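Asker: Sharing structure_1.csv (CSV, C-alpha atoms) below.
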chain,number,residue,atom,x,y,z
Z,15,MET,CA,0.0,0.0,0.0
Z,16,LYS,CA,1.3,3.5,-0.9
Z,17,PRO,CA,2.2,5.6,2.1
Z,18,SER,CA,-0.2,8.5,2.7
Z,19,LYS,CA,0.7,12.0,1.6
Z,20,VAL,CA,0.9,14.5,4.5
Z,21,PHE,CA,-0.4,18.0,4.0
Z,22,LYS,CA,0.5,20.7,6.5
Z,23,VAL,CA,-1.6,23.5,7.8
Z,24,THR,CA,-0.3,26.2,10.2
Z,25,ALA,CA,-2.8,28.2,12.1
Z,26,THR,CA,-1.5,31.6,13.2
Z,27,TRP,CA,-3.3,33.8,15.7
Z,28,ASP,CA,-3.9,37.4,14.4
Z,29,PRO,CA,-4.4,39.5,17.6
Z,30,GLU,CA,-5.6,42.6,15.6
Z,31,ALA,CA,-8.3,40.7,13.8
Z,32,GLY,CA,-9.0,38.3,16.6
Z,33,VAL,CA,-8.9,35.2,14.4
Z,34,PHE,CA,-6.7,32.3,13.4
Z,35,THR,CA,-5.6,32.3,9.8
Z,36,SER,CA,-4.2,29.4,7.9
Z,37,LEU,CA,-1.1,28.8,5.7
Z,38,SER,CA,-0.8,25.5,4.0
Z,39,ASN,CA,0.7,23.5,1.2
Z,40,ILE,CA,-2.8,22.7,0.0
Z,41,PRO,CA,-3.3,25.0,-3.0
Z,42,GLY,CA,-6.5,27.0,-2.6
Z,43,LEU,CA,-7.1,26.2,1.0
Z,44,VAL,CA,-7.5,29.5,3.0
Z,45,VAL,CA,-9.3,29.3,6.3
Z,46,GLU,CA,-10.0,31.9,9.0
Z,47,ALA,CA,-11.7,31.2,12.3
Z,48,GLU,CA,-12.3,32.7,15.8
Z,49,SER,CA,-11.0,29.5,17.5
Z,50,PHE,CA,-8.5,26.8,16.8
Z,51,ASP,CA,-11.2,24.1,17.1
Z,52,GLU,CA,-13.3,26.0,14.6
Z,53,LEU,CA,-10.3,26.2,12.2
Z,54,ILE,CA,-9.8,22.4,12.6
Z,55,SER,CA,-13.4,21.8,11.7
Z,56,LEU,CA,-13.2,24.0,8.7
Z,57,VAL,CA,-10.0,22.3,7.4
Z,58,GLU,CA,-11.5,18.9,8.0
Z,59,ALA,CA,-14.6,19.9,6.0
Z,60,LEU,CA,-12.9,21.8,3.2
Z,61,ALA,CA,-9.6,20.0,2.6
Z,62,PRO,CA,-10.9,16.9,0.8
Z,63,ASP,CA,-12.8,19.0,-1.8
Z,64,VAL,CA,-10.0,21.5,-2.3
Z,65,ILE,CA,-7.4,18.7,-2.7
Z,66,ALA,CA,-9.6,16.9,-5.2
Z,67,ALA,CA,-10.2,20.1,-7.2
Z,68,ASN,CA,-6.6,21.5,-7.2
Z,69,LEU,CA,-4.5,18.3,-6.9
Z,70,PRO,CA,-6.5,15.7,-8.9
Z,71,GLU,CA,-3.4,13.4,-9.1
Z,72,GLU,CA,-3.3,13.0,-5.4
Z,73,THR,CA,-4.9,9.7,-4.3
Z,74,ARG,CA,-6.3,8.8,-0.9
Z,75,PRO,CA,-5.4,8.1,1.7
Z,76,TYR,CA,-3.7,11.3,2.8
Z,77,ARG,CA,-3.3,13.1,6.1
Z,78,VAL,CA,-3.5,16.7,7.1
Z,79,HIS,CA,-1.2,17.8,9.9
Z,80,VAL,CA,-2.5,21.0,11.6
Z,81,GLU,CA,-0.4,23.0,14.1
Z,82,MET,CA,-1.1,26.2,16.0
Z,83,ARG,CA,1.3,29.1,16.2
Z,84,ARG,CA,1.1,32.2,18.2
Z,85,ASP,CA,3.8,34.9,18.2
Z,86,LEU,CA,4.2,36.9,21.4
Z,87,ALA,CA,5.7,40.3,21.9
Z,88,VAL,CA,7.7,40.1,25.1
Z,89,ALA,CA,9.1,43.3,26.7
Would you encode the structure as structure tokens?

Answerer:
Amino acid sequence: MKPSKVFKVTATWDPEAGVFTSLSNIPGLVVEAESFDELISLVEALAPDVIAANLPEETRPYRVHVEMRRDLAVA
């Protein structure tokens, strides 16, 4: 069995907007959410269709690794 492809999504907190925004290696996947859990739900719902539409050569199974990042300004 072919090993599964791993896609990566990084959720970064934007304190000015009060939302998490995504950056990923899935072409066309752009997600914004007020909580990390909401972002996870959106990625889970949208990623399969976006991958199928923009990377038709990719075959299942594949995995999506989501990580959270928050930058802090420390005095």

Asker: Using all atoms listed in the file, tabulate the residues of stretch 57-88 of chain Z lying at most 6 Å from any atom of stretch 21-37 of chain Z, each with its closest atom pair and that distance in Å to one decimal, by chain and increasing residue number, as JSON lines.

Answerer:
{"residue": "Z:Val78", "atom": "CA", "partner": "Z:Phe21", "partner_atom": "CA", "distance": 4.6}
{"residue": "Z:His79", "atom": "CA", "partner": "Z:Lys22", "partner_atom": "CA", "distance": 4.8}
{"residue": "Z:Val80", "atom": "CA", "partner": "Z:Val23", "partner_atom": "CA", "distance": 4.6}
{"residue": "Z:Glu81", "atom": "CA", "partner": "Z:Thr24", "partner_atom": "CA", "distance": 5.0}
{"residue": "Z:Met82", "atom": "CA", "partner": "Z:Ala25", "partner_atom": "CA", "distance": 4.7}
{"residue": "Z:Arg83", "atom": "CA", "partner": "Z:Thr26", "partner_atom": "CA", "distance": 4.8}
{"residue": "Z:Arg84", "atom": "CA", "partner": "Z:Trp27", "partner_atom": "CA", "distance": 5.3}

Asker: Which residue out of Z:Leu86, Z:Ala61, Z:Glu52, Z:Lys19 has the minimum interatomic distance to Z:Ser38 when all atoms listed in the file are used?

Answerer: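 Using all atoms listed in the file, the shortest distance to Z:Ser38 belongs to Z:Ala61.
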
Asker: Expressed in Å to a single decimal, how great is the separation between atom CA of Z:Leu60 and atom CA of Z:Leu43?

Answerer: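 That distance, rounded to one decimal, is 7.6 Å.
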
Asker: Using only C-alpha atoms, determine which residues lie at most 7 Å from stretch 63-74 of chain Z, disregarding the query and same-chain residues fewer than 4 positions distant; provide the list as a PyMOL selection string.

Answerer: chain Z and resi 40-43

Asker: Record the distance separating atom CA of Z:Glu48 and atom CA of Z:Tyr76, expressed in Å with one decimal.

Answerer: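 We find that atom CA of Z:Glu48 and atom CA of Z:Tyr76 lie 26.5 Å from each other.
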
Asker: Quick one, how far is atom CA of Z:Ser49 from atom CA of Z:Arg77?

Answerer: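 It comes out at 21.4 Å.
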
Asker: Would you save chain Z from the block above with C-alpha atoms, as a CSV table (one decimal), in the first residue's frame?

Answerer:
chain,number,residue,atom,x,y,z
Z,15,MET,CA,0.0,0.0,0.0
Z,16,LYS,CA,1.3,3.5,-0.9
Z,17,PRO,CA,2.2,5.6,2.1
Z,18,SER,CA,-0.2,8.5,2.7
Z,19,LYS,CA,0.7,12.0,1.6
Z,20,VAL,CA,0.9,14.5,4.5
Z,21,PHE,CA,-0.4,18.0,4.0
Z,22,LYS,CA,0.5,20.7,6.5
Z,23,VAL,CA,-1.6,23.5,7.8
Z,24,THR,CA,-0.3,26.2,10.2
Z,25,ALA,CA,-2.8,28.2,12.1
Z,26,THR,CA,-1.5,31.6,13.2
Z,27,TRP,CA,-3.3,33.8,15.7
Z,28,ASP,CA,-3.9,37.4,14.4
Z,29,PRO,CA,-4.4,39.5,17.6
Z,30,GLU,CA,-5.6,42.6,15.6
Z,31,ALA,CA,-8.3,40.7,13.8
Z,32,GLY,CA,-9.0,38.3,16.6
Z,33,VAL,CA,-8.9,35.2,14.4
Z,34,PHE,CA,-6.7,32.3,13.4
Z,35,THR,CA,-5.6,32.3,9.8
Z,36,SER,CA,-4.2,29.4,7.9
Z,37,LEU,CA,-1.1,28.8,5.7
Z,38,SER,CA,-0.8,25.5,4.0
Z,39,ASN,CA,0.7,23.5,1.2
Z,40,ILE,CA,-2.8,22.7,0.0
Z,41,PRO,CA,-3.3,25.0,-3.0
Z,42,GLY,CA,-6.5,27.0,-2.6
Z,43,LEU,CA,-7.1,26.2,1.0
Z,44,VAL,CA,-7.5,29.5,3.0
Z,45,VAL,CA,-9.3,29.3,6.3
Z,46,GLU,CA,-10.0,31.9,9.0
Z,47,ALA,CA,-11.7,31.2,12.3
Z,48,GLU,CA,-12.3,32.7,15.8
Z,49,SER,CA,-11.0,29.5,17.5
Z,50,PHE,CA,-8.5,26.8,16.8
Z,51,ASP,CA,-11.2,24.1,17.1
Z,52,GLU,CA,-13.3,26.0,14.6
Z,53,LEU,CA,-10.3,26.2,12.2
Z,54,ILE,CA,-9.8,22.4,12.6
Z,55,SER,CA,-13.4,21.8,11.7
Z,56,LEU,CA,-13.2,24.0,8.7
Z,57,VAL,CA,-10.0,22.3,7.4
Z,58,GLU,CA,-11.5,18.9,8.0
Z,59,ALA,CA,-14.6,19.9,6.0
Z,60,LEU,CA,-12.9,21.8,3.2
Z,61,ALA,CA,-9.6,20.0,2.6
Z,62,PRO,CA,-10.9,16.9,0.8
Z,63,ASP,CA,-12.8,19.0,-1.8
Z,64,VAL,CA,-10.0,21.5,-2.3
Z,65,ILE,CA,-7.4,18.7,-2.7
Z,66,ALA,CA,-9.6,16.9,-5.2
Z,67,ALA,CA,-10.2,20.1,-7.2
Z,68,ASN,CA,-6.6,21.5,-7.2
Z,69,LEU,CA,-4.5,18.3,-6.9
Z,70,PRO,CA,-6.5,15.7,-8.9
Z,71,GLU,CA,-3.4,13.4,-9.1
Z,72,GLU,CA,-3.3,13.0,-5.4
Z,73,THR,CA,-4.9,9.7,-4.3
Z,74,ARG,CA,-6.3,8.8,-0.9
Z,75,PRO,CA,-5.4,8.1,1.7
Z,76,TYR,CA,-3.7,11.3,2.8
Z,77,ARG,CA,-3.3,13.1,6.1
Z,78,VAL,CA,-3.5,16.7,7.1
Z,79,HIS,CA,-1.2,17.8,9.9
Z,80,VAL,CA,-2.5,21.0,11.6
Z,81,GLU,CA,-0.4,23.0,14.1
Z,82,MET,CA,-1.1,26.2,16.0
Z,83,ARG,CA,1.3,29.1,16.2
Z,84,ARG,CA,1.1,32.2,18.2
Z,85,ASP,CA,3.8,34.9,18.2
Z,86,LEU,CA,4.2,36.9,21.4
Z,87,ALA,CA,5.7,40.3,21.9
Z,88,VAL,CA,7.7,40.1,25.1
Z,89,ALA,CA,9.1,43.3,26.7
